[in-house]
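Peer 1: mmCIF, C-alpha atoms, file work39.cif:
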data_data
#
loop_
_atom_site.group_PDB
_atom_site.id
_atom_site.type_symbol
_atom_site.label_atom_id
_atom_site.label_comp_id
_atom_site.auth_asym_id
_atom_site.auth_seq_id
_atom_site.Cartn_x
_atom_site.Cartn_y
_atom_site.Cartn_z
ATOM 1 C CA MET A 1 -3.868 -7.858 -17.537
ATOM 2 C CA GLU A 2 -0.292 -7.554 -16.280
ATOM 3 C CA VAL A 3 0.335 -4.611 -18.644
ATOM 4 C CA HIS A 4 -2.716 -2.748 -17.347
ATOM 5 C CA LYS A 5 -1.625 -3.280 -13.726
ATOM 6 C CA ALA A 6 1.831 -1.889 -14.485
ATOM 7 C CA GLY A 7 0.349 1.237 -16.052
ATOM 8 C CA PHE A 8 -2.082 1.659 -13.176
ATOM 9 C CA SER A 9 0.728 1.348 -10.628
ATOM 10 C CA ARG A 10 2.806 4.014 -12.394
ATOM 11 C CA ILE A 11 -0.130 6.417 -12.373
ATOM 12 C CA VAL A 12 -0.781 5.909 -8.650
ATOM 13 C CA ILE A 13 2.861 6.458 -7.694
ATOM 14 C CA ASP A 14 3.197 9.485 -9.992
ATOM 15 C CA GLU A 15 0.126 11.193 -8.523
ATOM 16 C CA ILE A 16 1.270 10.487 -4.961
ATOM 17 C CA ARG A 17 4.724 11.841 -5.800
ATOM 18 C CA MET A 18 3.357 15.096 -7.235
ATOM 19 C CA ARG A 19 1.012 15.580 -4.269
ATOM 20 C CA LEU A 20 3.757 14.991 -1.686
ATOM 21 C CA ILE A 21 6.093 17.427 -3.421
ATOM 22 C CA ALA A 22 3.339 20.053 -3.623
ATOM 23 C CA CYS A 23 2.516 19.668 0.110
ATOM 24 C CA SER A 24 6.142 19.622 1.334
ATOM 25 C CA PRO A 25 8.581 22.478 1.948
ATOM 26 C CA GLN A 26 10.488 23.529 -1.156
ATOM 27 C CA THR A 27 13.825 21.821 -1.646
ATOM 28 C CA THR A 28 16.187 21.068 -4.481
ATOM 29 C CA LEU A 29 15.387 17.953 -6.533
ATOM 30 C CA PRO A 30 12.887 16.406 -4.074
ATOM 31 C CA GLN A 31 12.362 12.646 -4.172
ATOM 32 C CA ILE A 32 9.862 10.371 -2.500
ATOM 33 C CA GLY A 33 10.401 6.987 -0.889
ATOM 34 C CA ALA A 34 7.804 4.286 -1.527
ATOM 35 C CA ILE A 35 7.304 0.534 -1.926
ATOM 36 C CA THR A 36 4.501 -1.076 -3.931
ATOM 37 C CA PHE A 37 3.302 -4.572 -3.028
ATOM 38 C CA ILE A 38 1.351 -6.382 -5.759
ATOM 39 C CA GLN A 39 -1.123 -9.002 -4.550
ATOM 40 C CA HIS A 40 -3.439 -11.249 -6.549
ATOM 41 C CA PHE A 41 -5.552 -12.853 -3.826
ATOM 42 C CA GLY A 42 -8.423 -12.120 -1.498
ATOM 43 C CA ASN A 43 -9.242 -13.468 1.959
ATOM 44 C CA ALA A 44 -11.375 -16.312 0.561
ATOM 45 C CA LEU A 45 -8.673 -17.571 -1.847
ATOM 46 C CA ASN A 46 -10.388 -15.639 -4.634
ATOM 47 C CA TYR A 47 -8.526 -13.898 -7.442
ATOM 48 C CA HIS A 48 -8.429 -10.237 -6.416
ATOM 49 C CA PRO A 49 -5.533 -8.205 -7.914
ATOM 50 C CA HIS A 50 -4.745 -5.076 -5.897
ATOM 51 C CA PHE A 51 -1.888 -2.948 -4.579
ATOM 52 C CA HIS A 52 -0.592 -1.888 -1.202
ATOM 53 C CA VAL A 53 1.749 1.102 -1.153
ATOM 54 C CA ILE A 54 3.922 2.191 1.773
ATOM 55 C CA VAL A 55 4.999 5.820 1.336
ATOM 56 C CA ALA A 56 7.185 8.090 3.437
ATOM 57 C CA ASP A 57 4.990 11.077 4.344
ATOM 58 C CA GLY A 58 7.351 13.666 2.917
ATOM 59 C CA VAL A 59 10.226 14.176 0.506
ATOM 60 C CA PHE A 60 13.983 13.657 0.618
ATOM 61 C CA SER A 61 16.495 16.190 -0.647
ATOM 62 C CA SER A 62 19.079 14.868 -3.067
ATOM 63 C CA GLY A 63 21.980 17.015 -1.864
ATOM 64 C CA GLU A 64 25.190 15.818 -0.240
ATOM 65 C CA ALA A 65 23.579 15.592 3.209
ATOM 66 C CA LEU A 66 20.388 13.584 3.452
ATOM 67 C CA GLN A 67 17.431 15.674 4.604
ATOM 68 C CA PHE A 68 13.794 14.692 5.047
ATOM 69 C CA TYR A 69 10.958 17.218 4.893
ATOM 70 C CA GLU A 70 7.579 16.153 6.242
ATOM 71 C CA ALA A 71 4.532 16.801 4.078
ATOM 72 C CA PHE A 72 1.383 18.472 5.386
ATOM 73 C CA LEU A 73 -1.475 16.562 3.792
ATOM 74 C CA THR A 74 -5.146 17.293 4.387
ATOM 75 C CA HIS A 75 -8.244 15.240 3.666
ATOM 76 C CA ASP A 76 -8.854 17.365 0.569
ATOM 77 C CA ASP A 77 -5.363 16.537 -0.709
ATOM 78 C CA ILE A 78 -6.121 12.819 -0.421
ATOM 79 C CA GLU A 79 -9.466 13.241 -2.168
ATOM 80 C CA ASP A 80 -7.938 15.328 -4.968
ATOM 81 C CA THR A 81 -5.236 12.702 -5.475
ATOM 82 C CA GLN A 82 -7.889 9.994 -5.699
ATOM 83 C CA ASN A 83 -9.816 11.996 -8.340
ATOM 84 C CA CYS A 84 -6.659 12.562 -10.392
ATOM 85 C CA ILE A 85 -5.865 8.839 -10.263
ATOM 86 C CA GLN A 86 -9.396 8.005 -11.365
ATOM 87 C CA LYS A 87 -9.256 10.335 -14.391
ATOM 88 C CA ARG A 88 -5.834 9.176 -15.528
ATOM 89 C CA VAL A 89 -6.643 5.471 -15.133
ATOM 90 C CA LEU A 90 -9.931 5.753 -17.057
ATOM 91 C CA ASN A 91 -8.209 7.745 -19.803
ATOM 92 C CA LEU A 92 -5.496 5.073 -19.942
ATOM 93 C CA PHE A 93 -8.117 2.357 -20.385
ATOM 94 C CA CYS A 94 -9.812 4.485 -23.043
ATOM 95 C CA ARG A 95 -6.561 4.834 -25.030
ATOM 96 C CA ARG A 96 -6.053 1.072 -24.858
ATOM 97 C CA GLY A 97 -9.529 0.409 -26.222
ATOM 98 C CA LEU A 98 -11.108 -0.982 -23.055
ATOM 99 C CA PHE A 99 -13.656 1.872 -22.818
ATOM 100 C CA ASP A 100 -14.963 4.500 -25.209
ATOM 101 C CA LYS A 101 -15.036 8.222 -24.387
ATOM 102 C CA GLU A 102 -18.762 8.235 -23.603
ATOM 103 C CA SER A 103 -18.344 5.435 -21.051
ATOM 104 C CA VAL A 104 -15.410 7.248 -19.424
ATOM 105 C CA GLU A 105 -17.383 10.502 -19.115
ATOM 106 C CA LYS A 106 -20.317 8.593 -17.669
ATOM 107 C CA MET A 107 -18.140 6.829 -15.076
ATOM 108 C CA LEU A 108 -16.529 10.128 -14.089
ATOM 109 C CA SER A 109 -19.982 11.481 -13.259
ATOM 110 C CA TYR A 110 -20.818 8.618 -10.871
ATOM 111 C CA GLU A 111 -21.117 9.561 -7.204
ATOM 112 C CA ASN A 112 -19.445 6.274 -6.254
ATOM 113 C CA SER A 113 -16.465 6.124 -8.599
ATOM 114 C CA GLY A 114 -15.207 2.701 -7.510
ATOM 115 C CA PHE A 115 -11.816 4.241 -6.662
ATOM 116 C CA SER A 116 -10.684 4.451 -3.046
ATOM 117 C CA LEU A 117 -7.428 5.910 -1.759
ATOM 118 C CA ASP A 118 -7.096 5.181 1.968
ATOM 119 C CA ALA A 119 -4.299 7.000 3.783
ATOM 120 C CA LYS A 120 -5.456 6.531 7.381
ATOM 121 C CA VAL A 121 -2.712 4.101 8.451
ATOM 122 C CA ARG A 122 0.298 6.010 9.743
ATOM 123 C CA ILE A 123 3.392 4.626 11.466
ATOM 124 C CA GLU A 124 5.588 6.888 13.585
ATOM 125 C CA SER A 125 9.304 7.020 12.757
ATOM 126 C CA TRP A 126 10.301 5.350 16.054
ATOM 127 C CA ASP A 127 7.753 2.526 15.785
ATOM 128 C CA LYS A 128 9.916 -0.096 14.053
ATOM 129 C CA GLU A 129 7.733 -2.960 15.272
ATOM 130 C CA GLY A 130 4.624 -1.266 13.883
ATOM 131 C CA LEU A 131 6.369 -0.750 10.554
ATOM 132 C CA GLU A 132 7.391 -4.401 10.503
ATOM 133 C CA ARG A 133 3.797 -5.511 11.154
ATOM 134 C CA LEU A 134 2.590 -3.301 8.317
ATOM 135 C CA ILE A 135 5.189 -4.661 5.901
ATOM 136 C CA ARG A 136 4.395 -8.235 6.966
ATOM 137 C CA TYR A 137 0.735 -7.565 6.169
ATOM 138 C CA CYS A 138 1.512 -6.082 2.753
ATOM 139 C CA ALA A 139 3.930 -8.911 1.868
ATOM 140 C CA ARG A 140 1.862 -11.760 3.326
ATOM 141 C CA PRO A 141 1.292 -14.979 1.317
ATOM 142 C CA PRO A 142 -2.160 -15.988 -0.010
ATOM 143 C CA PHE A 143 -2.844 -18.332 2.923
ATOM 144 C CA LYS A 144 -1.318 -19.825 6.043
ATOM 145 C CA SER A 145 -0.564 -23.526 6.118
ATOM 146 C CA GLU A 146 -1.893 -23.572 9.707
ATOM 147 C CA ASN A 147 -5.351 -22.646 8.347
ATOM 148 C CA LEU A 148 -5.568 -25.788 6.196
ATOM 149 C CA ARG A 149 -7.107 -28.978 7.587
ATOM 150 C CA TRP A 150 -8.245 -32.279 6.103
ATOM 151 C CA ASN A 151 -11.858 -33.349 6.575
ATOM 152 C CA GLY A 152 -12.009 -36.755 4.932
ATOM 153 C CA PRO A 153 -11.563 -36.191 1.181
ATOM 154 C CA TRP A 154 -12.186 -32.446 1.571
ATOM 155 C CA LEU A 155 -9.746 -29.659 2.310
ATOM 156 C CA ILE A 156 -10.905 -27.077 4.846
ATOM 157 C CA SER A 157 -9.443 -23.575 4.605
ATOM 158 C CA ARG A 158 -10.154 -21.351 7.607
ATOM 159 C CA LEU A 159 -10.708 -17.718 6.617
ATOM 160 C CA PRO A 160 -8.682 -14.992 8.401
ATOM 161 C CA LYS A 161 -11.950 -13.187 9.130
ATOM 162 C CA PRO A 162 -15.656 -13.959 8.540
ATOM 163 C CA SER A 163 -16.975 -13.279 5.060
ATOM 164 C CA ARG A 164 -19.905 -11.000 4.271
ATOM 165 C CA THR A 165 -22.246 -13.978 4.584
ATOM 166 C CA GLY A 166 -20.745 -14.984 7.931
ATOM 167 C CA GLU A 167 -18.714 -17.946 6.684
ATOM 168 C CA THR A 168 -15.554 -18.706 8.645
ATOM 169 C CA PHE A 169 -14.155 -21.417 6.368
ATOM 170 C CA ILE A 170 -14.453 -22.840 2.867
ATOM 171 C CA GLN A 171 -14.516 -26.516 1.890
ATOM 172 C CA LEU A 172 -12.810 -27.541 -1.338
ATOM 173 C CA GLU A 173 -11.764 -30.606 -3.223
ATOM 174 C CA PRO A 174 -7.954 -30.857 -3.546
ATOM 175 C CA VAL A 175 -8.080 -30.229 -7.308
ATOM 176 C CA ASP A 176 -10.265 -27.154 -6.812
ATOM 177 C CA PHE A 177 -7.853 -25.866 -4.183
ATOM 178 C CA LEU A 178 -4.914 -26.253 -6.580
ATOM 179 C CA GLU A 179 -6.884 -24.489 -9.295
ATOM 180 C CA LYS A 180 -7.551 -21.549 -6.992
ATOM 181 C CA ILE A 181 -3.980 -21.068 -5.783
ATOM 182 C CA SER A 182 -2.562 -21.555 -9.301
ATOM 183 C CA LYS A 183 -3.970 -18.130 -10.170
ATOM 184 C CA PHE A 184 -1.717 -16.567 -7.523
ATOM 185 C CA VAL A 185 1.514 -17.770 -9.173
ATOM 186 C CA PRO A 186 3.420 -14.648 -10.317
ATOM 187 C CA TYR A 187 4.099 -14.081 -13.976
ATOM 188 C CA PRO A 188 7.613 -15.044 -15.129
ATOM 189 C CA ARG A 189 10.212 -12.312 -14.663
ATOM 190 C CA ARG A 190 7.687 -9.991 -13.011
ATOM 191 C CA HIS A 191 8.535 -8.372 -9.695
ATOM 192 C CA ARG A 192 5.965 -8.392 -6.918
ATOM 193 C CA ARG A 193 7.739 -5.573 -5.062
ATOM 194 C CA HIS A 194 8.550 -2.234 -6.659
ATOM 195 C CA TYR A 195 10.761 0.389 -4.974
ATOM 196 C CA HIS A 196 10.392 4.050 -5.897
ATOM 197 C CA GLY A 197 12.352 7.254 -5.393
ATOM 198 C CA VAL A 198 15.208 7.061 -2.908
ATOM 199 C CA LEU A 199 14.401 3.397 -2.200
ATOM 200 C CA ALA A 200 14.882 2.339 -5.830
ATOM 201 C CA PRO A 201 17.841 -0.040 -6.397
ATOM 202 C CA SER A 202 19.547 2.443 -8.745
ATOM 203 C CA SER A 203 19.107 5.444 -6.446
ATOM 204 C CA PRO A 204 22.411 6.857 -5.121
ATOM 205 C CA MET A 205 20.585 7.892 -1.924
ATOM 206 C CA ARG A 206 19.413 4.401 -1.007
ATOM 207 C CA LYS A 207 22.450 3.616 1.160
ATOM 208 C CA LYS A 208 22.107 6.932 3.027
ATOM 209 C CA VAL A 209 18.429 6.265 3.739
ATOM 210 C CA ALA A 210 19.195 2.744 4.985
ATOM 211 C CA ALA A 211 21.956 4.071 7.239
ATOM 212 C CA CYS A 212 19.675 6.736 8.736
ATOM 213 C CA ALA A 213 16.923 4.175 9.323
ATOM 214 C CA GLN A 214 19.180 2.390 11.804
ATOM 215 C CA LYS A 215 19.663 5.505 13.955
ATOM 216 C CA ARG A 216 17.454 6.048 16.994
ATOM 217 C CA PRO A 217 15.511 9.318 17.167
ATOM 218 C CA GLU A 218 16.638 11.689 19.918
ATOM 219 C CA HIS A 219 13.109 12.704 20.934
ATOM 220 C CA ALA A 220 11.962 9.127 21.584
ATOM 221 C CA SER A 221 11.660 7.858 25.127
ATOM 222 C CA GLU A 222 13.881 5.070 26.482
ATOM 223 C CA GLN A 223 11.124 2.505 25.965
ATOM 224 C CA MET A 224 10.637 3.666 22.373
ATOM 225 C CA GLN A 225 14.380 3.607 21.731
ATOM 226 C CA GLU A 226 14.602 0.098 23.138
ATOM 227 C CA SER A 227 11.858 -1.086 20.756
ATOM 228 C CA ALA A 228 13.459 0.630 17.759
ATOM 229 C CA LYS A 229 15.907 -2.108 16.889
ATOM 230 C CA LYS A 230 18.393 -2.132 14.058
ATOM 231 C CA ALA A 231 17.060 -2.935 10.615
ATOM 232 C CA SER A 232 20.008 -5.133 9.707
ATOM 233 C CA ARG A 233 20.080 -8.535 11.447
ATOM 234 C CA ASN A 234 22.169 -11.633 11.085
ATOM 235 C CA TRP A 235 20.871 -14.703 9.316
ATOM 236 C CA ALA A 236 19.977 -16.567 12.523
ATOM 237 C CA LYS A 237 17.652 -13.821 13.787
ATOM 238 C CA LEU A 238 16.028 -13.557 10.373
ATOM 239 C CA ILE A 239 15.333 -17.297 10.395
ATOM 240 C CA ALA A 240 13.932 -17.023 13.924
ATOM 241 C CA ARG A 241 11.606 -14.201 12.815
ATOM 242 C CA ILE A 242 10.232 -16.164 9.869
ATOM 243 C CA TYR A 243 10.057 -19.711 11.246
ATOM 244 C CA GLU A 244 9.829 -18.824 14.961
ATOM 245 C CA VAL A 245 12.698 -21.219 15.703
ATOM 246 C CA ASP A 246 16.106 -19.969 16.792
ATOM 247 C CA PRO A 247 18.747 -22.108 14.998
ATOM 248 C CA LEU A 248 21.431 -21.051 17.500
ATOM 249 C CA ILE A 249 19.644 -22.485 20.558
ATOM 250 C CA CYS A 250 20.881 -25.941 21.511
ATOM 251 C CA THR A 251 18.033 -28.466 21.639
ATOM 252 C CA ASP A 252 19.759 -30.438 24.452
ATOM 253 C CA CYS A 253 20.817 -27.814 26.997
ATOM 254 C CA GLY A 254 18.821 -24.794 25.774
ATOM 255 C CA LYS A 255 21.867 -22.509 25.762
ATOM 256 C CA GLU A 256 22.811 -20.211 22.904
ATOM 257 C CA MET A 257 25.473 -21.537 20.544
ATOM 258 C CA LYS A 258 28.213 -19.496 18.942
ATOM 259 C CA ILE A 259 29.344 -19.882 15.344
ATOM 260 C CA VAL A 260 33.078 -20.577 15.193
ATOM 261 C CA ALA A 261 33.462 -21.649 11.554
ATOM 262 C CA PHE A 262 31.621 -22.633 8.390
ATOM 263 C CA VAL A 263 32.420 -26.063 6.996
ATOM 264 C CA VAL A 264 32.160 -26.157 3.210
ATOM 265 C CA HIS A 265 34.379 -29.072 2.116
ATOM 266 C CA SER A 266 32.436 -32.288 1.507
ATOM 267 C CA ALA A 267 35.076 -34.555 3.089
ATOM 268 C CA GLN A 268 34.998 -32.596 6.359
ATOM 269 C CA ILE A 269 31.203 -32.494 6.333
ATOM 270 C CA ARG A 270 30.991 -36.276 5.939
ATOM 271 C CA ARG A 271 33.528 -36.796 8.728
ATOM 272 C CA ILE A 272 31.540 -34.580 11.121
ATOM 273 C CA LEU A 273 28.238 -36.237 10.244
ATOM 274 C CA SER A 274 29.772 -39.682 10.736
ATOM 275 C CA GLY A 275 31.040 -38.647 14.162
ATOM 276 C CA ILE A 276 27.529 -37.746 15.355
ATOM 277 C CA ASN A 277 25.885 -40.745 13.605
ATOM 278 C CA TRP A 278 23.927 -38.654 11.152
ATOM 279 C CA PRO A 279 23.086 -39.962 7.631
ATOM 280 C CA LEU A 280 25.571 -39.100 4.902
ATOM 281 C CA ASP A 281 23.218 -39.421 1.926
ATOM 282 C CA ILE A 282 20.884 -36.617 0.948
ATOM 283 C CA PRO A 283 17.256 -37.775 1.365
#
What is this file in structure tokens?

Peer 2:
Amino acid sequence: MEVHKAGFSRIVIDEIRMRLIACSPQTTLPQIGAITFIQHFGNALNYHPHFHVIVADGVFSSGEALQFYEAFLTHDDIEDTQNCIQKRVLNLFCRRGLFDKESVEKMLSYENSGFSLDAKVRIESWDKEGLERLIRYCARPPFKSENLRWNGPWLISRLPKPSRTGETFIQLEPVDFLEKISKFVPYPRRHRRHYHGVLAPSSPMRKKVAACAQKRPEHASEQMQESAKKASRNWAKLIARIYEVDPLICTDCGKEMKIVAFVVHSAQIRRILSGINWPLDIP
């Protein structure tokens, strides 16, 4: 299953890359920028493998100076890309013995192909908060711990949105719950995030793209520029974003603390902990 998903992902990215290059102004050695998020779960804790792909709507030039050229995509371009993905994926499954040629030709003639390429979500370049929300959605975990509640011996999992039958929660035995979420454990040594084009780890343009992402666009208003914050943040702000607790705010006076040094020697750590009457043994 993991092999088929990898081949499917390569086909999707390759077709998107060719379409963006064809719909963008001509430039030397154009490259795309994209991130693929692999998910294995559905809203009801069901096993539902699928992909989310965030793609820059244009191409980057690979010259000395970084240049971005916006693509001009139409609805027909999206539909043509979807049809090309469908044909290549079905042919891939045919070569691997999952379907025969007659079944592939029959499925290609269906009015409802079962393939859907949705490109309606678009984030403006200045909308950093909108981009963060989109990435948080694509990289979200299978469930929130806040949605789990005990009801006697049962475990109640509140659904993020009502199901097709109108259910707002599911009730499971603890063992059944563990069996469900065990299917979401990633395969060993398999990445759940894949970076393509200029965003790939080996791309020489990755640092240039990251540096340009921190610049504020000139055409944006003051309010937009204020909301477009830097992409790089210190560790304390990252912790505050994830856990919604600022580690640099003093719990006694409520004022912001300043880091003056990092203590790494065990003898000094034990001396400091003893001075504030904190336990010295690791729990």

Peer 1: Could you write out as a PyMOL selection string the residues that the PyMOL selection byres ((chain A and resi 14) around 12) matches in the shown file?

Peer 2: chain A and resi 7-13+15-21+31-34+81-82+84-85+88-89+196-197

Peer 1: Set the distance at 10 Å and use all atoms listed in the file: which residues neighbour Asn46 in chain A once local chain neighbours fewer than 2 positions away are removed? I'd like the list as JSON, numbers by chain.

Peer 2: {"A": [40, 41, 42, 43, 44, 48, 49, 142, 180, 181, 183, 184]}

Peer 1: Restricting it to C-alpha atoms, dump the selection as an mmCIF file, in the coordinates of the input.

Peer 2:
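The resulting again14.cif:
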data_model
loop_
_atom_site.group_PDB
_atom_site.id
_atom_site.type_symbol
_atom_site.label_atom_id
_atom_site.label_comp_id
_atom_site.auth_asym_id
_atom_site.auth_seq_id
_atom_site.Cartn_x
_atom_site.Cartn_y
_atom_site.Cartn_z
ATOM 1 C CA HIS A 40 -3.439 -11.249 -6.549
ATOM 2 C CA PHE A 41 -5.552 -12.853 -3.826
ATOM 3 C CA GLY A 42 -8.423 -12.120 -1.498
ATOM 4 C CA ASN A 43 -9.242 -13.468 1.959
ATOM 5 C CA ALA A 44 -11.375 -16.312 0.561
ATOM 6 C CA HIS A 48 -8.429 -10.237 -6.416
ATOM 7 C CA PRO A 49 -5.533 -8.205 -7.914
ATOM 8 C CA PRO A 142 -2.160 -15.988 -0.010
ATOM 9 C CA LYS A 180 -7.551 -21.549 -6.992
ATOM 10 C CA ILE A 181 -3.980 -21.068 -5.783
ATOM 11 C CA LYS A 183 -3.970 -18.130 -10.170
ATOM 12 C CA PHE A 184 -1.717 -16.567 -7.523
#

Peer 1: Edge lengths and centre in Å to one decimal, as JSON, of the axis-aligned box that encloses all listed atoms of range 245-262 of chain A with 3 Å added on every side?

Peer 2:
{"center_x": 23.1, "center_y": -25.0, "center_z": 17.7, "size_x": 26.8, "size_y": 16.9, "size_z": 24.6}

Peer 1: Calculate how many Å separate CA of Asn91 in chain A from CA of Gly114 in chain A, rounding to one decimal.

Peer 2: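 Distance reported for this atom pair: 15.0 Å.
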
Peer 1: So, counting all atoms listed in the file, which residue among A:Leu117, A:Arg96, A:Met257, A:Ser125 is closest to Asp76 in chain A?

Peer 2: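 Answer, going by the shortest atom-to-atom distance: A:Leu117.
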
Peer 1: To one decimal place, how far is CA of Pro30 in chain A from CA of Val59 in chain A in Å?

Peer 2: 5.7 Å

Peer 1: Between A:Gly130, A:Phe169, A:Asp118, A:Ser145, which has the minimum distance to Asp77 in chain A (counting only C-alpha atoms)?

Peer 2: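 Smallest distance to Asp77 in chain A is found for A:Asp118.
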
Peer 1: Quick one: residues within 12 Å of Arg122 in chain A, only C-alpha atoms, excluding same-chain residues fewer than 4 positions away - as a VMD selection string?

Peer 2: chain A and resid 54 to 57 118 126 to 127 130 to 131 134

Peer 1: For C-alpha atoms, I'd like the residues from the last selection saved as a PDB file, in the coordinates of the input.

Peer 2:
ATOM      1  CA  ILE A  54       3.922   2.191   1.773  1.00  0.00           C
ATOM      2  CA  VAL A  55       4.999   5.820   1.336  1.00  0.00           C
ATOM      3  CA  ALA A  56       7.185   8.090   3.437  1.00  0.00           C
ATOM      4  CA  ASP A  57       4.990  11.077   4.344  1.00  0.00           C
ATOM      5  CA  ASP A 118      -7.096   5.181   1.968  1.00  0.00           C
ATOM      6  CA  TRP A 126      10.301   5.350  16.054  1.00  0.00           C
ATOM      7  CA  ASP A 127       7.753   2.526  15.785  1.00  0.00           C
ATOM      8  CA  GLY A 130       4.624  -1.266  13.883  1.00  0.00           C
ATOM      9  CA  LEU A 131       6.369  -0.750  10.554  1.00  0.00           C
ATOM     10  CA  LEU A 134       2.590  -3.301   8.317  1.00  0.00           C
TER      11      LEU A 134
END

Peer 1: Point out the residue among A:Val104, A:Cys23, A:Leu45, A:Val121 with the least atom-to-atom distance to Leu73 in chain A, counting only C-alpha atoms.

Peer 2: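 Between A:Val104, A:Cys23, A:Leu45, A:Val121, the residue approaching Leu73 in chain A most closely is A:Cys23.
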
Peer 1: What is the CA of Arg193 in chain A to CA of Pro25 in chain A distance in Å?

Peer 2: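 Rounded to one decimal, the two atoms are 28.9 Å apart.
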
Peer 1: Residues proximal to (2.2, -13.3, -7.5) were defined as those with any atom within 8 Å of that point in the file's coordinates, counting only C-alpha atoms. Which are they, as a PDB file with C-alpha atoms, in the frame of the given file?

Peer 2:
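Produced file part35.pdb, reproduced below:
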ATOM      1  CA  ILE A  38       1.351  -6.382  -5.759  1.00  0.00           C
ATOM      2  CA  GLN A  39      -1.123  -9.002  -4.550  1.00  0.00           C
ATOM      3  CA  HIS A  40      -3.439 -11.249  -6.549  1.00  0.00           C
ATOM      4  CA  PHE A 184      -1.717 -16.567  -7.523  1.00  0.00           C
ATOM      5  CA  VAL A 185       1.514 -17.770  -9.173  1.00  0.00           C
ATOM      6  CA  PRO A 186       3.420 -14.648 -10.317  1.00  0.00           C
ATOM      7  CA  TYR A 187       4.099 -14.081 -13.976  1.00  0.00           C
ATOM      8  CA  ARG A 192       5.965  -8.392  -6.918  1.00  0.00           C
TER       9      ARG A 192
END

Peer 1: Any idea what's packed within 10 Å of Val209 in chain A, counting all atoms listed in the file, ignoring anything in its chain fewer than 6 positions away? Could you give it as a ChimeraX atom specification?

Peer 2: /A:33,60,66-68,198-199

Peer 1: Have a look at A:Leu29, A:Ala213, A:Val175, A:Glu146 and name the one nearest to Lys128 in chain A; count all atoms listed in the file.

Peer 2: A:Ala213

Peer 1: Evaluate the PyMOL selection byres ((chain A and resi 174) around 10) here and jot the selected residues down as a PyMOL selection string.

Peer 2: chain A and resi 150+153-156+171-173+175-180

Peer 1: Could the residues in this selection be written to a file with C-alpha atoms, as an mmCIF file, in the coordinates of the input?

Peer 2:
data_model
loop_
_atom_site.group_PDB
_atom_site.id
_atom_site.type_symbol
_atom_site.label_atom_id
_atom_site.label_comp_id
_atom_site.auth_asym_id
_atom_site.auth_seq_id
_atom_site.Cartn_x
_atom_site.Cartn_y
_atom_site.Cartn_z
ATOM 1 C CA TRP A 150 -8.245 -32.279 6.103
ATOM 2 C CA PRO A 153 -11.563 -36.191 1.181
ATOM 3 C CA TRP A 154 -12.186 -32.446 1.571
ATOM 4 C CA LEU A 155 -9.746 -29.659 2.310
ATOM 5 C CA ILE A 156 -10.905 -27.077 4.846
ATOM 6 C CA GLN A 171 -14.516 -26.516 1.890
ATOM 7 C CA LEU A 172 -12.810 -27.541 -1.338
ATOM 8 C CA GLU A 173 -11.764 -30.606 -3.223
ATOM 9 C CA VAL A 175 -8.080 -30.229 -7.308
ATOM 10 C CA ASP A 176 -10.265 -27.154 -6.812
ATOM 11 C CA PHE A 177 -7.853 -25.866 -4.183
ATOM 12 C CA LEU A 178 -4.914 -26.253 -6.580
ATOM 13 C CA GLU A 179 -6.884 -24.489 -9.295
ATOM 14 C CA LYS A 180 -7.551 -21.549 -6.992
#
